[in-house]
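A.B. asks: I'd like to ask you about the structure that follows.
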There are 2 protein chains.
Amino acid sequence: MNLKELARKLDLSPTTVSRALNGYPEVNEATRERVAAAAKRYNYQPNTRAIRLATGRAMAVGHVIPLTTRHEIVNPVFADFIAGAGEVYSRNGYDMLLSVVPDDNEERAYRELKSRGTVDGVIVHGPRLDDPRIALLTEMEVPFVVHGRATGSALPYSWVDVNNRRAFHRATEFLLDLGHRRIGLVNGLEFMDFAIRRRAGYEQALAQRGIALDPAIMVSEEMTETAGHRTVAAMLRAPNPPTALLVSSMIMALGARRAIEEKGLRLGRDVSVIIHDDELSYLRNGDDVPIFTATRSSVREAGRQAADMLLSLISGRETGPKELLLEAELIIGQSTGPCKG
Amino acid sequence: MNLKELARKLDLSPTTVSRALNGYPEVNEATRERVAAAAKRYNYQPNTRAIRLATGRAMAVGHVIPLTTRHEIVNPVFADFIAGAGEVYSRNGYDMLLSVVPDDNEERAYRELKSRGTVDGVIVHGPRLDDPRIALLTEMEVPFVVHGRATGSALPYSWVDVNNRRAFHRATEFLLDLGHRRIGLVNGLEFMDFAIRRRAGYEQALAQRGIALDPAIMVSEEMTETAGHRTVAAMLRAPNPPTALLVSSMIMALGARRAIEEKGLRLGRDVSVIIHDDELSYLRNGDDVPIFTATRSSVREAGRQAADMLLSLISGRETGPKELLLEAELIIGQSTGPCKG
DNA sequence: AATCATTTTCAAACCGCTTTGGGTGTTTCA
DNA sequence: TGAAACACCCAAAGCGGTTTGAAAATGATT
């Protein structure tokens, strides 16, 4: 059933039917209802392809997933972010388009998205230090929202991010208040923006209490279980091991915990650990009581917010770069305790 | 730059230009080259929206991600599958459309996809026992490929799956050959098809050696770290604990390992563990040497294969239901050893 | 009742491509 | 040499909607 057929059945012109369904004012309320009823009865669904061509809007937003060619890693956070964003899109009649693109090829991917008109806007994932995509998209005049921020970018742009600096600042203070003085940092690779900010928060908190940094207990690694295990095991083996750790992700923390327990130490008693918890659906921090003390911030919620922001940018209702800084909660779990000694 | 403009520049009709670019025979080779050159020079990109309307093809495939309303879990395997499928799509000029849909609402989502013509085909994720989506899509005449299989479905359909039964059969035999007689199964929830098959393989292998099943060491749970830990801890606490375990996922296995080590036992010596390894990019089974002995099968590769299959179904080149059963490798790691005792 | 404003509806153009059904100039062949 | 076959190209009609500009119907005003 298409518009013309529906119009014929109603003895109306396609024009009127179209207007009736799209809520234009210049149509009699009575006929509007008649049209709506018929549309429902015949289960009329307007053809998206035609709408797109006619209106020039794509009614779709793109997510370009960078595939780091070096590591071939898909960010584990990604699936949940998408789930959040997807809710918003489908509520607003938008489609979500995914392109998985090797990161040596991103510019072309973005340009094509624009010039073929497949999307109205883009979400930028995994911003890196001084990310070139921001300049690119700005120049192309594609509405976009960054999930995270890109330290060092000169241009203004829209973003949704967790306050990583403050989260780790607070977490560090929490450990300091428990009496810990030797606090290790197990961070992600620092070409990722969030890792830089987390370190900044950590360093600032230590500095404020006059504690010197010790590179021996600060690592920056891929965020895998093995890396977490390896680095923490090394720290614990070394002289003057940390009594507490800040760990950048749940997965790394599983490795960290393993290293701790292997050493015959007990989590929360001998070594305190605070993690950052993105609330990934398949990696919950405990079923009801949190296991790890954590700075918690739902990445799914971030997805929702970013999608919302992008849609409002696309609609033109709101203009100019918008920014949203989500605060992480500090959740007290069983992995932290006072420093003994 | 659109087709008409390009045609004008070349002093040709849009017809000829279109044909030249799309490789139709009725155009002089010389002019074809002239057109190609001009297209490149002016960076002409045909408008996707127009192509879609004109051809009636969507040049897009849909992935409907079920969001289990009960658990709100996004399958962790999903991101890597998408990465694999995405490669194939972009190589073939197809877009990948994602809709995240609460699983109480799936039918409507599929119907809309069809009637609005946004996609040419669909990949079905997370098939369940006797999954109703298979009948639905067959009836709607939408080309589709299932990732996995749906035990109990009467209709024929196309699928790509790992030979879960054989993988677990072989893994069980491997443990039996090492002398283990008390082998536990830590499985996913059995509304998921793969869990059913894995159990079947396990049971068959035991039966062939005349070993009776013991429900006390067979669990079926959500595939989380905590569940892995909880269930294995319980097994080890109970009288007559298993000397070996089959664990359905890497994440569960991390929990299982924790339970083992907590108990003061050593992985691979006191308790042998074989896992199923989907080769998730962010959860590698060891960096170079595998940590766990595993039945390994790349879910990213499955994504590539499923996408390939779907595209060939869509093109009509091949017809009828196609099936692809991928065999899992048995990778020997450090988590298995002979049964002592 | 005639005029004007307002509401309601419609025909036709348009979005940018593909595709059908010719046309024109060249070859081929009887 | 004329007819048939072929190679190459084009005008125009879709695809299924939206949107513009104008007409028809209705209502208000004088």
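Just so we're on the same page: first chain in the structure tokens is A, next is B, and so on; residues restart at 1 for each chain, and ligands are numbered from 1 in the order they show up.
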Could you pull out the strand (DSSP E or B) residues of range 65-130 of chain A, going by DSSP on the backbone, and write them as a ChimeraX atom specification?
C.D. replies: /A:65-67,95-102,121-124,128
A.B. asks: Could you write those residues out with N, CA, C and O atoms, as a PDB file, in the first residue's frame?
C.D. replies:
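For reference, selection30.pdb as written:
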ATOM      1  N   ILE A  65      32.754   3.119  13.721  1.00  0.00           N
ATOM      2  CA  ILE A  65      33.504   2.406  14.743  1.00  0.00           C
ATOM      3  C   ILE A  65      34.918   2.220  14.268  1.00  0.00           C
ATOM      4  O   ILE A  65      35.172   1.487  13.317  1.00  0.00           O
ATOM      5  N   PRO A  66      35.844   2.907  14.919  1.00  0.00           N
ATOM      6  CA  PRO A  66      37.226   2.734  14.471  1.00  0.00           C
ATOM      7  C   PRO A  66      37.743   1.378  14.917  1.00  0.00           C
ATOM      8  O   PRO A  66      37.511   0.939  16.035  1.00  0.00           O
ATOM      9  N   LEU A  67      38.360   0.696  13.992  1.00  0.00           N
ATOM     10  CA  LEU A  67      38.953  -0.588  14.316  1.00  0.00           C
ATOM     11  C   LEU A  67      40.455  -0.340  14.351  1.00  0.00           C
ATOM     12  O   LEU A  67      41.074  -0.164  13.305  1.00  0.00           O
ATOM     13  N   ASP A  95      17.150   5.921  11.915  1.00  0.00           N
ATOM     14  CA  ASP A  95      17.884   4.670  11.821  1.00  0.00           C
ATOM     15  C   ASP A  95      19.303   4.872  12.315  1.00  0.00           C
ATOM     16  O   ASP A  95      19.822   5.992  12.279  1.00  0.00           O
ATOM     17  N   MET A  96      19.894   3.803  12.757  1.00  0.00           N
ATOM     18  CA  MET A  96      21.290   3.864  13.201  1.00  0.00           C
ATOM     19  C   MET A  96      22.135   3.073  12.221  1.00  0.00           C
ATOM     20  O   MET A  96      21.896   1.897  11.977  1.00  0.00           O
ATOM     21  N   LEU A  97      23.107   3.767  11.671  1.00  0.00           N
ATOM     22  CA  LEU A  97      23.960   3.155  10.671  1.00  0.00           C
ATOM     23  C   LEU A  97      25.335   2.921  11.263  1.00  0.00           C
ATOM     24  O   LEU A  97      25.930   3.821  11.820  1.00  0.00           O
ATOM     25  N   LEU A  98      25.841   1.703  11.101  1.00  0.00           N
ATOM     26  CA  LEU A  98      27.150   1.431  11.652  1.00  0.00           C
ATOM     27  C   LEU A  98      28.140   1.238  10.535  1.00  0.00           C
ATOM     28  O   LEU A  98      27.902   0.449   9.634  1.00  0.00           O
ATOM     29  N   SER A  99      29.266   1.922  10.592  1.00  0.00           N
ATOM     30  CA  SER A  99      30.321   1.476   9.699  1.00  0.00           C
ATOM     31  C   SER A  99      31.548   1.185  10.516  1.00  0.00           C
ATOM     32  O   SER A  99      31.982   1.995  11.321  1.00  0.00           O
ATOM     33  N   VAL A 100      32.042   0.007  10.324  1.00  0.00           N
ATOM     34  CA  VAL A 100      33.257  -0.401  11.000  1.00  0.00           C
ATOM     35  C   VAL A 100      34.391  -0.086  10.047  1.00  0.00           C
ATOM     36  O   VAL A 100      34.431  -0.602   8.938  1.00  0.00           O
ATOM     37  N   VAL A 101      35.270   0.755  10.457  1.00  0.00           N
ATOM     38  CA  VAL A 101      36.285   1.247   9.541  1.00  0.00           C
ATOM     39  C   VAL A 101      37.667   1.149  10.160  1.00  0.00           C
ATOM     40  O   VAL A 101      37.878   1.617  11.278  1.00  0.00           O
ATOM     41  N   PRO A 102      38.588   0.542   9.443  1.00  0.00           N
ATOM     42  CA  PRO A 102      39.967   0.518   9.919  1.00  0.00           C
ATOM     43  C   PRO A 102      40.442   1.953  10.120  1.00  0.00           C
ATOM     44  O   PRO A 102      40.118   2.825   9.315  1.00  0.00           O
ATOM     45  N   GLY A 121      23.904  12.935  10.527  1.00  0.00           N
ATOM     46  CA  GLY A 121      24.823  13.318  11.589  1.00  0.00           C
ATOM     47  C   GLY A 121      25.609  12.106  12.031  1.00  0.00           C
ATOM     48  O   GLY A 121      25.315  10.988  11.623  1.00  0.00           O
ATOM     49  N   VAL A 122      26.572  12.364  12.876  1.00  0.00           N
ATOM     50  CA  VAL A 122      27.518  11.306  13.214  1.00  0.00           C
ATOM     51  C   VAL A 122      27.877  11.361  14.695  1.00  0.00           C
ATOM     52  O   VAL A 122      27.946  12.436  15.288  1.00  0.00           O
ATOM     53  N   ILE A 123      28.063  10.185  15.268  1.00  0.00           N
ATOM     54  CA  ILE A 123      28.632  10.113  16.616  1.00  0.00           C
ATOM     55  C   ILE A 123      30.080   9.670  16.478  1.00  0.00           C
ATOM     56  O   ILE A 123      30.370   8.699  15.777  1.00  0.00           O
ATOM     57  N   VAL A 124      30.966  10.391  17.119  1.00  0.00           N
ATOM     58  CA  VAL A 124      32.385  10.051  17.053  1.00  0.00           C
ATOM     59  C   VAL A 124      32.772   9.246  18.287  1.00  0.00           C
ATOM     60  O   VAL A 124      32.585   9.702  19.415  1.00  0.00           O
ATOM     61  N   ARG A 128      40.675  10.594  20.280  1.00  0.00           N
ATOM     62  CA  ARG A 128      42.070  10.478  20.666  1.00  0.00           C
ATOM     63  C   ARG A 128      42.632  11.864  20.900  1.00  0.00           C
ATOM     64  O   ARG A 128      41.964  12.868  20.675  1.00  0.00           O
TER      65      ARG A 128
END
A.B. asks: Using only C-alpha atoms, I'd like every residue of chain B that has an atom within 7 Å of chain A; please write them out as a VMD selection string.
C.D. replies: chain B and resid 45 to 50 52 to 53 72 to 74 76 79 to 80 83 86 to 87 95 to 100 115 to 118 224 226 281 to 283 286
A.B. asks: Taking only C-alpha atoms (C1' of nucleotides) into account and nothing else, which residues of chain A lie no more than 8 Å away from chain C? Please answer as a PyMOL selection string.
C.D. replies: chain A and resi 13+15-16+26-28+53-56
A.B. asks: Could you write out that same residue set with N, CA and C atoms as a short mmCIF file (atom, residue, chain, number, x, y, z; two decimals), in the first residue's frame?
C.D. replies:
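Okay, this is what ended up in result_26.cif:
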data_model
loop_
_atom_site.label_atom_id
_atom_site.label_comp_id
_atom_site.auth_asym_id
_atom_site.auth_seq_id
_atom_site.Cartn_x
_atom_site.Cartn_y
_atom_site.Cartn_z
N SER A 13 -6.55 13.60 -2.78
CA SER A 13 -5.28 13.67 -3.50
C SER A 13 -4.15 13.21 -2.59
N THR A 15 -1.52 14.67 -2.06
CA THR A 15 -1.11 15.85 -1.30
C THR A 15 -1.79 15.89 0.06
N THR A 16 -3.11 15.82 0.01
CA THR A 16 -3.86 15.95 1.25
C THR A 16 -3.55 14.81 2.21
N GLU A 26 -3.04 22.79 7.27
CA GLU A 26 -4.02 23.09 6.24
C GLU A 26 -4.86 21.88 5.82
N VAL A 27 -5.35 21.17 6.79
CA VAL A 27 -6.23 20.06 6.45
C VAL A 27 -7.30 19.90 7.54
N ASN A 28 -8.50 19.74 7.06
CA ASN A 28 -9.66 19.63 7.93
C ASN A 28 -9.50 18.51 8.96
N LEU A 53 14.42 10.68 -0.24
CA LEU A 53 14.76 11.41 -1.45
C LEU A 53 14.00 12.74 -1.49
N ALA A 54 12.73 12.67 -1.17
CA ALA A 54 11.91 13.87 -1.27
C ALA A 54 12.35 14.95 -0.29
N THR A 55 12.64 14.57 0.90
CA THR A 55 12.95 15.58 1.91
C THR A 55 14.42 15.95 1.94
N GLY A 56 15.23 15.09 1.39
CA GLY A 56 16.66 15.37 1.44
C GLY A 56 17.28 15.04 2.79
#
A.B. asks: State, in Å with one decimal place, the distance from CA of Asp277 in chain B to CA of Arg165 in chain B.
C.D. replies: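 Result for CA of Asp277 in chain B versus CA of Arg165 in chain B: 14.4 Å, one decimal.
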A.B. asks: DSSP says alpha helix (DSSP H) for which residues of range 97-195 of chain A? Put them as a ChimeraX atom specification?
C.D. replies: /A:106-115,132-140,164-177,193-195
A.B. asks: Just write the chosen residues, C-alpha atoms, as a compact mmCIF listing (two decimals), in the first residue's frame.
C.D. replies:
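To be explicit, this is the file written out as part.txt:
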# COMPACT_ATOMS: atom_id res chain seq x y z
CA GLU A 106 38.48 6.97 8.55
CA GLU A 107 38.54 10.21 6.65
CA ARG A 108 37.29 8.59 3.47
CA ALA A 109 34.52 6.88 5.39
CA TYR A 110 33.28 10.14 6.84
CA ARG A 111 33.46 11.94 3.53
CA GLU A 112 31.44 9.29 1.81
CA LEU A 113 28.82 9.33 4.49
CA LYS A 114 28.43 13.02 3.83
CA SER A 115 28.61 13.17 0.07
CA PRO A 132 41.69 15.04 13.48
CA ARG A 133 38.11 13.95 12.97
CA ILE A 134 36.86 17.01 14.77
CA ALA A 135 38.36 19.40 12.25
CA LEU A 136 37.25 17.17 9.43
CA LEU A 137 33.61 17.00 10.46
CA THR A 138 33.49 20.67 11.29
CA GLU A 139 34.80 21.55 7.87
CA MET A 140 32.33 19.19 6.20
CA ASN A 164 36.99 11.27 34.40
CA ARG A 165 39.33 13.66 36.07
CA ARG A 166 37.05 14.31 38.97
CA ALA A 167 36.10 10.66 39.30
CA PHE A 168 39.68 9.59 39.73
CA HIS A 169 40.44 12.59 41.87
CA ARG A 170 37.69 11.62 44.24
CA ALA A 171 38.63 7.97 44.19
CA THR A 172 42.21 8.85 45.03
CA GLU A 173 41.10 11.05 47.89
CA PHE A 174 38.92 8.26 49.17
CA LEU A 175 41.94 5.99 49.33
CA LEU A 176 44.04 8.69 50.91
CA ASP A 177 41.39 9.17 53.57
CA ASP A 193 41.61 10.75 25.95
CA PHE A 194 39.89 9.39 29.03
CA ALA A 195 43.10 7.78 30.21
A.B. asks: Can you pull out the residues contacting Ile196 in chain B? Cut-off 10 Å, using only C-alpha atoms (C1' of nucleotides), and skip same-chain residues under 3 positions away; I want them as a list of chain:residue names.
C.D. replies: B:Arg128, B:Leu129, B:Thr151, B:Asn164, B:Arg165, B:Asn187, B:Gly188, B:Leu189, B:Glu190, B:Phe191, B:Met192, B:Asp193, B:Arg199, B:Ala200, B:Gly201, B:Ser220
A.B. asks: Just to confirm, what's the straight-line distance from CA of Ile332 in chain A to CA of Ile275 in chain A in Å (one decimal)?
C.D. replies: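 Computing it gives 10.6 Å between the two atoms.
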A.B. asks: Skipping near chain neighbours, those fewer than 6 positions away, what residues fall within 6 Å of range 211-219 of chain A using only C-alpha atoms (C1' of nucleotides), listed as a ChimeraX atom specification?
C.D. replies: /A:184-187
A.B. asks: Quick one, how far is CA of Arg41 in chain B from CA of Tyr24 in chain B?
C.D. replies: 21.2 Å
A.B. asks: Counting only C-alpha atoms (C1' of nucleotides), which residues from chain D have an atom at most 6 Å from any atom of chain A, and could you show them as a list in words?
C.D. replies: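 Selected residues: DG16, DG17 and DT18 of chain D.
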